[in-house]
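**Q** This is the structure I have questions about; it appears just below.
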2 protein chains.
Amino acid sequence: MASNQQIVLDNRPQGEAVAGNFKLVATDTPALQDGQVLVRHHFLSLDPYMRGRMNESKSYAASQGLGEVMIGGTVGEVAESLNPKYAVGDKVVGMGGWQEYSVVDANTPGALRKVDTTHVPLSHYLGAVGMPGVTAWYGLVKIIAPKEGDTVVVSAATGAVGSAFAALAKARGCRAVGIAGGAEKCRYAVEELGFDACIDYKEHSDVKAMSKALKEACPKGIDGYFENVGGWIMDAVMLRMNAFSRVALCGMIAGYDGQPLPMANPALMLINRMKIEGFIVSEHMEVWPDALKELGTLVGTGKLRPRETVAEGIAAAPEAFLGLLKGKNFGKQLVKLI
Amino acid sequence: MASNQQIVLDNRPQGEAVAGNFKLVATDTPALQDGQVLVRHHFLSLDPYMRGRMNESKSYAASQGLGEVMIGGTVGEVAESLNPKYAVGDKVVGMGGWQEYSVVDANTPGALRKVDTTHVPLSHYLGAVGMPGVTAWYGLVKIIAPKEGDTVVVSAATGAVGSAFAALAKARGCRAVGIAGGAEKCRYAVEELGFDACIDYKEHSDVKAMSKALKEACPKGIDGYFENVGGWIMDAVMLRMNAFSRVALCGMIAGYDGQPLPMANPALMLINRMKIEGFIVSEHMEVWPDALKELGTLVGTGKLRPRETVAEGIAAAPEAFLGLLKGKNFGKQLVKLI
């Protein structure tokens, strides 16, 4: 038994999410039952998809229940075990939520996964070698499916997904172009993440200017686009897509606050015979082993060196999350809990 | 040599296409060179894609040149031949254009195809057993790829593509729902074409009303949508699409006059993990033999009985075409030339 601080969803956002939507509570962890383990979380992952769960409206998956601990990926170590497959001290990744400890039925398939921290730091299993990395892998490999020499573009380029996307695209001989907010992020994208070019959307703040910048960065047009943002940035990218190009639609962060964001010219999908496909990586568990293997190798060999923004302590999670939604983080947003 | 009346594109539309964009001219057919045949056209096909060709702007394919004979599919018979593979009297389908005769280099692959009129009337090779039929086949079989019991929807349901779509969908055990303009077309769709239901968009003239009508006609939601129209009808359909549904994007007739028509809520593509794919059937020649075989059998066995609207004489082609763009035709729009 341990004292466990938790963040629960107290009430749903009216438009923009605010700190008052969350509440910090403290409980004691329950006694373990047979097959269960108690995991002490080292890091909590904050991700844009959580915003969608806060709404009552139809979204990817079930809404986050009111009064329940916020959903979220976690890495940590086994603190107590009533399961023969897990020993105290094992490093594990799971969906422990916004709290310091979780009790897990470790026999449930997919509930907990042991990880090796010899070559990969524990926190990276929430980012480059975790859900965001596999998200980039699925969108690039399974939807965009680029040929060598193709030009591929990703928005939110310096985030956890974008960072992995760059390394995976370069490994396939593509020209990788990022879109990010601010000169510092764009410099980092090119100098550290391996992007061939990165466009600062704050410098090109309308469709026409953005489209012109994309033309310069993508002289052969765009064959594949990984969409994390939506809205006017997507409209600008659509204007540069080549015939038979593919769009992997993974996030529309710009529309989470409720107002539907239109697509200006969907006829371009027909004119350029494009394919646009929305996906959620958790529905494609069959690709995880292959994807994690490649991502682990890229990190282990230094070809993918993701940056992290780390908030301290569970009480800091709501503000860190709201900052993430506004692009204030630099790389993968984590909360350190120990 | 024969006197040949032709319709040429005289000038490009400013917004809506008008009769004054076209000009009727008369010439004599040239003397045949070795390998060529002279085809006397019996029927000219009028199709929405032609509107796109009239614009100078980037569209599917090259613009129609000014002063040139309008592009178009034709069926007819060989009137003279300097090609050993074609005899006078052979029935042939080709892209003869808006004119009474065409001279064809019959050795060019795909330029001319002999057809058998034993079980299939010659004109149907421009519709159900021609390009529109194969268009329906590709969108349904290759993009929507329905399972038995899936609900599939098509707009412009009583047109040449929609008619074939219904027969192909019913052959696969799907629930087929049409969208058409007017009670008479909707009755025809259900009674003659085999649709399980048909929604009159003129009776449900905004997104909300249309979406409600779709809910009633599609109680299990929509698994596949074949889009011939675009605009607000597509917005309404998007609200009823199921998870993992597919949209074959074939036409956006509502946007041909230049004004881009936005898509109201593209985030639905992500929320429902949809796939949307634009295509042009002429870029998928590999499917034509299989598709034409199935379509020919459906027509030959009476399971597909497409209706035709026939204008008389080449001079009537422009007005018939403008009527087609406004949905005045009932079934496949043809011009009879003999």
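Each chain in the structure tokens gets a letter, A, B and so on, in the order shown; residues start at 1 in every chain, and ligands are counted from 1 in the order they appear.
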Could you pull out the strand (DSSP E or B) residues of range 102-273 of chain B, going by DSSP on the backbone, and write them as a VMD selection string?
**A** chain B and resid 102 to 105 112 to 114 151 to 155 175 to 180 197 to 200 222 to 227 241 to 249 263
**Q** What are the coordinates of chain A as a compact mmCIF listing (two decimals) with C-alpha atoms, in the first residue's frame following a least-squares fit to chain B on all in-order C-alpha atoms?
**A**
```txt
# COMPACT_ATOMS: atom_id res chain seq x y z
CA MET A 1 -14.54 11.12 -97.57
CA ALA A 2 -17.66 12.37 -95.89
CA SER A 3 -19.07 15.66 -94.69
CA ASN A 4 -18.47 15.83 -90.94
CA GLN A 5 -20.23 18.15 -88.52
CA GLN A 6 -18.26 18.87 -85.36
CA ILE A 7 -18.64 20.77 -82.09
CA VAL A 8 -15.50 22.61 -81.03
CA LEU A 9 -14.71 24.48 -77.82
CA ASP A 10 -14.86 28.10 -78.91
CA ASN A 11 -14.06 29.82 -75.61
CA ARG A 12 -13.75 28.85 -71.94
CA PRO A 13 -16.57 29.25 -69.41
CA GLN A 14 -16.51 32.23 -67.07
CA GLY A 15 -18.16 30.46 -64.13
CA GLU A 16 -21.11 28.43 -65.40
CA ALA A 17 -20.73 26.77 -68.82
CA VAL A 18 -23.07 28.16 -71.52
CA ALA A 19 -24.05 27.24 -75.08
CA GLY A 20 -21.90 30.09 -76.40
CA ASN A 21 -18.76 28.25 -75.27
CA PHE A 22 -19.30 25.81 -78.15
CA LYS A 23 -19.35 26.22 -81.93
CA LEU A 24 -20.71 23.96 -84.67
CA VAL A 25 -18.39 23.61 -87.67
CA ALA A 26 -18.39 21.37 -90.77
CA THR A 27 -15.43 19.83 -92.56
CA ASP A 28 -14.75 16.93 -94.87
CA THR A 29 -13.10 13.86 -93.42
CA PRO A 30 -9.51 13.47 -94.65
CA ALA A 31 -8.34 10.64 -96.91
CA LEU A 32 -7.30 7.59 -94.87
CA GLN A 33 -3.65 6.68 -94.40
CA ASP A 34 -2.38 3.17 -93.96
CA GLY A 35 -3.57 1.60 -90.69
CA GLN A 36 -6.41 4.08 -90.25
CA VAL A 37 -10.16 3.53 -90.24
CA LEU A 38 -13.04 5.94 -90.69
CA VAL A 39 -15.71 5.44 -88.01
CA ARG A 40 -19.25 6.68 -88.47
CA HIS A 41 -20.56 7.49 -85.00
CA HIS A 42 -23.96 6.21 -83.95
CA PHE A 43 -23.91 7.66 -80.44
CA LEU A 44 -21.88 10.24 -78.57
CA SER A 45 -21.59 10.00 -74.79
CA LEU A 46 -21.97 13.12 -72.64
CA ASP A 47 -20.31 12.94 -69.24
CA PRO A 48 -19.67 15.34 -66.35
CA TYR A 49 -15.87 15.03 -66.62
CA MET A 50 -16.06 17.07 -69.85
CA ARG A 51 -16.88 20.17 -67.83
CA GLY A 52 -13.52 19.94 -66.07
CA ARG A 53 -11.72 19.77 -69.41
CA MET A 54 -13.30 23.06 -70.48
CA ASN A 55 -11.39 24.95 -67.77
CA GLU A 56 -7.86 26.14 -68.26
CA SER A 57 -7.02 25.41 -64.62
CA LYS A 58 -5.30 22.25 -63.47
CA SER A 59 -7.76 19.40 -63.60
CA TYR A 60 -7.63 15.62 -63.99
CA ALA A 61 -5.97 15.81 -67.34
CA ALA A 62 -4.90 18.25 -70.00
CA SER A 63 -7.39 21.00 -70.78
CA GLN A 64 -9.47 20.74 -73.90
CA GLY A 65 -7.75 22.93 -76.50
CA LEU A 66 -9.62 25.93 -77.88
CA GLY A 67 -10.86 25.40 -81.44
CA GLU A 68 -10.48 21.64 -81.07
CA VAL A 69 -13.27 19.07 -81.28
CA MET A 70 -14.69 18.40 -77.81
CA ILE A 71 -13.46 15.16 -76.30
CA GLY A 72 -15.98 12.35 -75.86
CA GLY A 73 -16.66 8.63 -76.03
CA THR A 74 -18.42 7.29 -79.13
CA VAL A 75 -19.83 4.06 -80.53
CA GLY A 76 -20.28 3.49 -84.23
CA GLU A 77 -19.37 1.35 -87.15
CA VAL A 78 -16.42 1.18 -89.48
CA ALA A 79 -17.29 3.05 -92.70
CA GLU A 80 -13.92 2.69 -94.46
CA SER A 81 -10.81 0.77 -93.48
CA LEU A 82 -7.13 0.72 -94.37
CA ASN A 83 -6.45 -1.59 -91.45
CA PRO A 84 -6.59 -5.37 -91.93
CA LYS A 85 -7.98 -5.92 -88.42
CA TYR A 86 -11.12 -3.85 -89.08
CA ALA A 87 -13.75 -4.48 -91.71
CA VAL A 88 -16.47 -2.14 -92.91
CA GLY A 89 -19.50 -2.69 -90.70
CA ASP A 90 -17.58 -3.66 -87.55
CA LYS A 91 -19.14 -2.13 -84.43
CA VAL A 92 -16.55 -0.20 -82.43
CA VAL A 93 -16.22 1.94 -79.34
CA GLY A 94 -13.63 4.71 -79.01
CA MET A 95 -13.01 8.33 -78.10
CA GLY A 96 -14.22 9.91 -81.32
CA GLY A 97 -15.31 13.23 -79.83
CA TRP A 98 -18.29 15.50 -80.51
CA GLN A 99 -18.56 14.84 -84.26
CA GLU A 100 -20.25 12.60 -86.78
CA TYR A 101 -17.14 10.81 -88.00
CA SER A 102 -13.64 10.19 -86.74
CA VAL A 103 -10.45 8.96 -88.35
CA VAL A 104 -8.62 6.58 -86.02
CA ASP A 105 -5.12 5.11 -86.08
CA ALA A 106 -6.51 1.70 -85.25
CA ASN A 107 -3.12 0.20 -84.40
CA THR A 108 -2.72 2.52 -81.40
CA PRO A 109 -3.41 0.37 -78.31
CA GLY A 110 -6.76 1.26 -76.74
CA ALA A 111 -7.83 3.58 -79.55
CA LEU A 112 -10.63 1.37 -80.80
CA ARG A 113 -12.33 -1.73 -79.46
CA LYS A 114 -14.69 -4.05 -81.37
CA VAL A 115 -17.87 -4.89 -79.50
CA ASP A 116 -20.53 -7.58 -79.79
CA THR A 117 -24.12 -6.34 -79.98
CA THR A 118 -25.78 -9.78 -79.74
CA HIS A 119 -26.84 -9.37 -76.10
CA VAL A 120 -25.88 -5.77 -75.35
CA PRO A 121 -27.29 -2.81 -77.34
CA LEU A 122 -24.56 -0.71 -78.96
CA SER A 123 -25.36 2.41 -76.93
CA HIS A 124 -24.80 0.58 -73.63
CA TYR A 125 -21.10 0.37 -74.44
CA LEU A 126 -21.02 4.09 -73.62
CA GLY A 127 -22.80 3.55 -70.31
CA ALA A 128 -23.35 0.44 -68.23
CA VAL A 129 -20.85 -1.64 -70.21
CA GLY A 130 -18.48 1.24 -70.81
CA MET A 131 -16.59 3.93 -68.96
CA PRO A 132 -19.38 4.83 -66.48
CA GLY A 133 -19.98 1.16 -65.63
CA VAL A 134 -16.28 0.51 -65.08
CA THR A 135 -16.12 3.68 -62.98
CA ALA A 136 -18.81 2.28 -60.67
CA TRP A 137 -17.02 -1.08 -60.62
CA TYR A 138 -13.63 0.40 -59.69
CA GLY A 139 -15.01 2.61 -56.93
CA LEU A 140 -17.10 -0.15 -55.42
CA VAL A 141 -14.78 -3.12 -55.84
CA LYS A 142 -11.34 -1.56 -55.50
CA ILE A 143 -11.89 1.34 -53.10
CA ILE A 144 -15.05 0.64 -51.08
CA ALA A 145 -14.41 -3.14 -51.19
CA PRO A 146 -17.60 -3.98 -49.31
CA LYS A 147 -18.39 -7.04 -47.28
CA GLU A 148 -21.78 -8.74 -47.59
CA GLY A 149 -24.27 -6.80 -45.49
CA ASP A 150 -22.42 -3.48 -45.73
CA THR A 151 -24.46 -0.37 -46.47
CA VAL A 152 -23.21 1.56 -49.50
CA VAL A 153 -24.49 4.90 -50.78
CA VAL A 154 -24.13 6.64 -54.13
CA SER A 155 -25.05 10.17 -55.20
CA ALA A 156 -26.42 10.90 -58.70
CA ALA A 157 -27.98 7.47 -58.25
CA THR A 158 -29.98 7.28 -61.47
CA GLY A 159 -27.12 8.33 -63.74
CA ALA A 160 -25.02 5.88 -65.69
CA VAL A 161 -22.56 5.33 -62.85
CA GLY A 162 -25.22 5.12 -60.15
CA SER A 163 -27.30 2.59 -62.09
CA ALA A 164 -24.35 0.26 -62.49
CA PHE A 165 -23.34 0.82 -58.86
CA ALA A 166 -26.72 -0.44 -57.64
CA ALA A 167 -26.54 -3.67 -59.65
CA LEU A 168 -22.93 -4.33 -58.62
CA ALA A 169 -23.65 -3.62 -54.95
CA LYS A 170 -26.73 -5.87 -54.87
CA ALA A 171 -24.70 -8.64 -56.52
CA ARG A 172 -22.36 -8.42 -53.50
CA GLY A 173 -25.13 -8.62 -50.90
CA CYS A 174 -24.95 -4.98 -49.85
CA ARG A 175 -27.71 -2.62 -48.83
CA ALA A 176 -27.64 -0.04 -51.65
CA VAL A 177 -28.99 3.45 -50.97
CA GLY A 178 -29.18 6.15 -53.63
CA ILE A 179 -29.36 9.93 -53.55
CA ALA A 180 -31.12 11.61 -56.48
CA GLY A 181 -33.04 14.76 -57.31
CA GLY A 182 -36.82 14.40 -57.49
CA ALA A 183 -39.50 11.88 -56.55
CA GLU A 184 -39.64 10.37 -60.04
CA LYS A 185 -35.93 9.58 -60.10
CA CYS A 186 -36.12 8.12 -56.60
CA ARG A 187 -39.06 5.90 -57.52
CA TYR A 188 -37.19 4.71 -60.60
CA ALA A 189 -34.07 4.02 -58.50
CA VAL A 190 -35.97 1.70 -56.19
CA GLU A 191 -38.41 0.12 -58.66
CA GLU A 192 -36.15 -0.32 -61.67
CA LEU A 193 -32.53 -0.11 -60.54
CA GLY A 194 -32.81 -2.24 -57.40
CA PHE A 195 -31.82 0.33 -54.77
CA ASP A 196 -33.11 -0.58 -51.31
CA ALA A 197 -33.91 3.09 -50.71
CA CYS A 198 -33.38 6.40 -52.45
CA ILE A 199 -33.33 9.86 -50.88
CA ASP A 200 -34.60 12.90 -52.78
CA TYR A 201 -32.14 15.65 -51.97
CA LYS A 202 -34.64 18.25 -53.15
CA GLU A 203 -36.91 17.17 -50.27
CA HIS A 204 -34.05 17.46 -47.75
CA SER A 205 -32.27 20.55 -48.85
CA ASP A 206 -29.82 21.17 -46.02
CA VAL A 207 -27.15 19.17 -44.24
CA LYS A 208 -29.24 18.52 -41.14
CA ALA A 209 -32.34 17.31 -42.98
CA MET A 210 -30.27 15.21 -45.36
CA SER A 211 -28.34 13.65 -42.51
CA LYS A 212 -31.61 12.73 -40.79
CA ALA A 213 -32.95 11.14 -43.97
CA LEU A 214 -29.71 9.18 -44.34
CA LYS A 215 -30.03 7.91 -40.79
CA GLU A 216 -33.46 6.51 -41.58
CA ALA A 217 -32.33 4.95 -44.86
CA CYS A 218 -29.11 3.57 -43.36
CA PRO A 219 -30.02 2.32 -39.87
CA LYS A 220 -26.61 0.63 -39.49
CA GLY A 221 -24.69 3.67 -40.73
CA ILE A 222 -22.73 3.89 -43.99
CA ASP A 223 -19.75 1.68 -44.77
CA GLY A 224 -19.01 2.92 -48.26
CA TYR A 225 -19.86 6.05 -50.22
CA PHE A 226 -19.43 6.68 -53.93
CA GLU A 227 -19.22 10.44 -54.43
CA ASN A 228 -20.37 11.94 -57.73
CA VAL A 229 -21.43 15.35 -56.47
CA GLY A 230 -19.52 16.88 -53.56
CA GLY A 231 -20.56 19.90 -51.51
CA TRP A 232 -23.27 19.83 -48.86
CA ILE A 233 -24.52 16.36 -49.79
CA MET A 234 -21.08 14.97 -48.99
CA ASP A 235 -21.07 16.88 -45.69
CA ALA A 236 -24.35 15.19 -44.77
CA VAL A 237 -23.10 11.74 -45.75
CA MET A 238 -19.88 12.25 -43.76
CA LEU A 239 -21.98 12.58 -40.60
CA ARG A 240 -23.30 9.02 -41.07
CA MET A 241 -20.12 7.22 -42.06
CA ASN A 242 -19.10 4.31 -39.84
CA ALA A 243 -15.68 3.62 -38.34
CA PHE A 244 -13.29 2.32 -41.02
CA SER A 245 -15.60 3.39 -43.84
CA ARG A 246 -14.38 4.18 -47.35
CA VAL A 247 -15.24 6.96 -49.81
CA ALA A 248 -14.58 6.60 -53.54
CA LEU A 249 -14.29 10.15 -54.86
CA CYS A 250 -15.19 10.21 -58.51
CA GLY A 251 -16.90 13.50 -59.22
CA MET A 252 -17.43 16.86 -57.63
CA ILE A 253 -19.85 18.22 -60.20
CA ALA A 254 -21.02 20.87 -57.76
CA GLY A 255 -17.59 22.51 -57.89
CA TYR A 256 -16.88 22.51 -61.62
CA ASP A 257 -17.81 26.13 -62.12
CA GLY A 258 -14.74 27.35 -60.31
CA GLN A 259 -15.78 28.19 -56.76
CA PRO A 260 -14.03 25.74 -54.38
CA LEU A 261 -16.57 23.96 -52.21
CA PRO A 262 -15.24 23.37 -48.70
CA MET A 263 -15.71 20.18 -46.69
CA ALA A 264 -17.39 21.22 -43.45
CA ASN A 265 -15.80 18.80 -41.01
CA PRO A 266 -12.74 16.91 -42.27
CA ALA A 267 -11.91 15.84 -38.70
CA LEU A 268 -14.58 13.17 -39.20
CA MET A 269 -12.03 11.38 -41.41
CA LEU A 270 -9.87 10.99 -38.32
CA ILE A 271 -12.61 10.43 -35.77
CA ASN A 272 -14.01 7.57 -37.87
CA ARG A 273 -10.65 6.43 -39.29
CA MET A 274 -12.00 6.81 -42.81
CA LYS A 275 -10.26 6.37 -46.12
CA ILE A 276 -11.09 8.78 -48.95
CA GLU A 277 -9.61 8.14 -52.36
CA GLY A 278 -9.97 10.07 -55.59
CA PHE A 279 -9.62 8.20 -58.87
CA ILE A 280 -10.04 8.40 -62.63
CA VAL A 281 -10.99 5.12 -64.22
CA SER A 282 -8.90 5.64 -67.34
CA GLU A 283 -5.80 5.33 -65.16
CA HIS A 284 -6.77 1.81 -64.16
CA MET A 285 -7.06 0.03 -67.48
CA GLU A 286 -5.98 -3.23 -65.82
CA VAL A 287 -9.45 -3.67 -64.28
CA TRP A 288 -11.46 -3.06 -67.47
CA PRO A 289 -11.63 -6.65 -68.73
CA ASP A 290 -12.96 -8.04 -65.41
CA ALA A 291 -15.30 -5.11 -64.93
CA LEU A 292 -16.72 -5.20 -68.48
CA LYS A 293 -17.28 -8.94 -68.21
CA GLU A 294 -19.36 -8.59 -65.04
CA LEU A 295 -21.24 -5.55 -66.36
CA GLY A 296 -22.00 -7.25 -69.70
CA THR A 297 -23.40 -10.25 -67.85
CA LEU A 298 -25.56 -8.04 -65.60
CA VAL A 299 -27.00 -6.29 -68.68
CA GLY A 300 -27.36 -9.52 -70.68
CA THR A 301 -29.29 -11.20 -67.85
CA GLY A 302 -31.53 -8.19 -67.26
CA LYS A 303 -30.18 -7.45 -63.78
CA LEU A 304 -28.98 -4.06 -64.95
CA ARG A 305 -31.45 -2.21 -67.15
CA PRO A 306 -30.05 1.29 -67.52
CA ARG A 307 -32.22 4.10 -68.81
CA GLU A 308 -30.99 6.52 -71.47
CA THR A 309 -31.82 10.11 -72.34
CA VAL A 310 -31.15 10.61 -76.05
CA ALA A 311 -30.70 13.94 -77.83
CA GLU A 312 -30.97 13.94 -81.62
CA GLY A 313 -28.18 15.19 -83.84
CA ILE A 314 -24.77 16.67 -83.14
CA ALA A 315 -26.13 20.23 -83.01
CA ALA A 316 -28.13 19.25 -79.92
CA ALA A 317 -25.04 18.18 -77.96
CA PRO A 318 -24.25 21.48 -76.17
CA GLU A 319 -27.75 21.94 -74.74
CA ALA A 320 -27.92 18.27 -73.75
CA PHE A 321 -24.56 18.62 -72.01
CA LEU A 322 -25.60 21.74 -70.09
CA GLY A 323 -28.77 19.92 -69.03
CA LEU A 324 -26.69 17.00 -67.78
CA LEU A 325 -24.69 19.33 -65.55
CA LYS A 326 -27.98 20.47 -64.01
CA GLY A 327 -29.30 16.94 -63.56
CA LYS A 328 -32.00 17.27 -66.24
CA ASN A 329 -31.14 13.91 -67.84
CA PHE A 330 -32.65 10.67 -66.64
CA GLY A 331 -30.05 7.93 -66.82
CA LYS A 332 -27.23 7.92 -69.33
CA GLN A 333 -27.12 11.04 -71.54
CA LEU A 334 -26.43 10.26 -75.19
CA VAL A 335 -26.55 12.06 -78.52
CA LYS A 336 -27.83 9.98 -81.45
CA LEU A 337 -25.96 10.82 -84.63
CA ILE A 338 -27.49 8.55 -87.27
```
**Q** Apply DSSP to the backbone of this structure and, from range 60-232 of chain A, keep only the residues in helix (DSSP H, G or I); write these as a ChimeraX atom specification.
**A** /A:122-126,131-144,160-171,183-191,207-217,232
**Q** Write out the residues from the selection above, keeping C-alpha atoms, as a PDB file, in the first residue's frame.
**A**
```
ATOM      1  CA  LEU A 122      13.181   4.347 -19.852  1.00  0.00           C
ATOM      2  CA  SER A 123      11.394   7.580 -20.773  1.00  0.00           C
ATOM      3  CA  HIS A 124      11.866   6.943 -24.502  1.00  0.00           C
ATOM      4  CA  TYR A 125       9.425   4.044 -24.252  1.00  0.00           C
ATOM      5  CA  LEU A 126       6.744   6.729 -23.971  1.00  0.00           C
ATOM      6  CA  MET A 131       3.123   4.975 -28.986  1.00  0.00           C
ATOM      7  CA  PRO A 132       4.238   8.203 -30.729  1.00  0.00           C
ATOM      8  CA  GLY A 133       7.075   6.397 -32.526  1.00  0.00           C
ATOM      9  CA  VAL A 134       4.786   3.606 -33.698  1.00  0.00           C
ATOM     10  CA  THR A 135       2.269   6.250 -34.785  1.00  0.00           C
ATOM     11  CA  ALA A 136       4.904   7.814 -37.051  1.00  0.00           C
ATOM     12  CA  TRP A 137       5.893   4.357 -38.293  1.00  0.00           C
ATOM     13  CA  TYR A 138       2.330   3.319 -39.176  1.00  0.00           C
ATOM     14  CA  GLY A 139       1.502   6.550 -40.979  1.00  0.00           C
ATOM     15  CA  LEU A 140       4.728   6.563 -42.956  1.00  0.00           C
ATOM     16  CA  VAL A 141       5.128   2.869 -43.708  1.00  0.00           C
ATOM     17  CA  LYS A 142       1.536   1.678 -44.003  1.00  0.00           C
ATOM     18  CA  ILE A 143      -0.319   4.708 -45.371  1.00  0.00           C
ATOM     19  CA  ILE A 144       2.213   6.974 -47.097  1.00  0.00           C
ATOM     20  CA  ALA A 160       7.505  12.976 -30.475  1.00  0.00           C
ATOM     21  CA  VAL A 161       5.780  11.772 -33.635  1.00  0.00           C
ATOM     22  CA  GLY A 162       7.534  14.240 -35.929  1.00  0.00           C
ATOM     23  CA  SER A 163      10.986  13.381 -34.563  1.00  0.00           C
ATOM     24  CA  ALA A 164      10.488   9.693 -35.229  1.00  0.00           C
ATOM     25  CA  PHE A 165       8.963  10.450 -38.628  1.00  0.00           C
ATOM     26  CA  ALA A 166      12.124  12.262 -39.736  1.00  0.00           C
ATOM     27  CA  ALA A 167      14.429   9.384 -38.790  1.00  0.00           C
ATOM     28  CA  LEU A 168      12.147   6.784 -40.404  1.00  0.00           C
ATOM     29  CA  ALA A 169      11.769   8.833 -43.594  1.00  0.00           C
ATOM     30  CA  LYS A 170      15.521   9.442 -43.940  1.00  0.00           C
ATOM     31  CA  ALA A 171      16.131   5.708 -43.429  1.00  0.00           C
ATOM     32  CA  ALA A 183      12.830  29.542 -35.614  1.00  0.00           C
ATOM     33  CA  GLU A 184      14.358  27.605 -32.719  1.00  0.00           C
ATOM     34  CA  LYS A 185      12.228  24.529 -33.358  1.00  0.00           C
ATOM     35  CA  CYS A 186      12.954  24.708 -37.082  1.00  0.00           C
ATOM     36  CA  ARG A 187      16.705  24.950 -36.482  1.00  0.00           C
ATOM     37  CA  TYR A 188      16.508  21.971 -34.135  1.00  0.00           C
ATOM     38  CA  ALA A 189      14.488  20.000 -36.717  1.00  0.00           C
ATOM     39  CA  VAL A 190      17.181  20.421 -39.347  1.00  0.00           C
ATOM     40  CA  GLU A 191      20.309  20.293 -37.163  1.00  0.00           C
ATOM     41  CA  VAL A 207      -2.464  29.659 -46.721  1.00  0.00           C
ATOM     42  CA  LYS A 208      -0.868  31.555 -49.584  1.00  0.00           C
ATOM     43  CA  ALA A 209       2.408  32.316 -47.808  1.00  0.00           C
ATOM     44  CA  MET A 210       2.619  28.797 -46.418  1.00  0.00           C
ATOM     45  CA  SER A 211       1.956  27.274 -49.812  1.00  0.00           C
ATOM     46  CA  LYS A 212       4.752  29.385 -51.307  1.00  0.00           C
ATOM     47  CA  ALA A 213       7.169  28.295 -48.578  1.00  0.00           C
ATOM     48  CA  LEU A 214       6.210  24.668 -49.196  1.00  0.00           C
ATOM     49  CA  LYS A 215       6.897  25.075 -52.900  1.00  0.00           C
ATOM     50  CA  GLU A 216      10.421  26.238 -52.125  1.00  0.00           C
ATOM     51  CA  ALA A 217      11.043  23.456 -49.603  1.00  0.00           C
ATOM     52  CA  TRP A 232      -5.190  26.104 -42.619  1.00  0.00           C
TER      53      TRP A 232
END
```
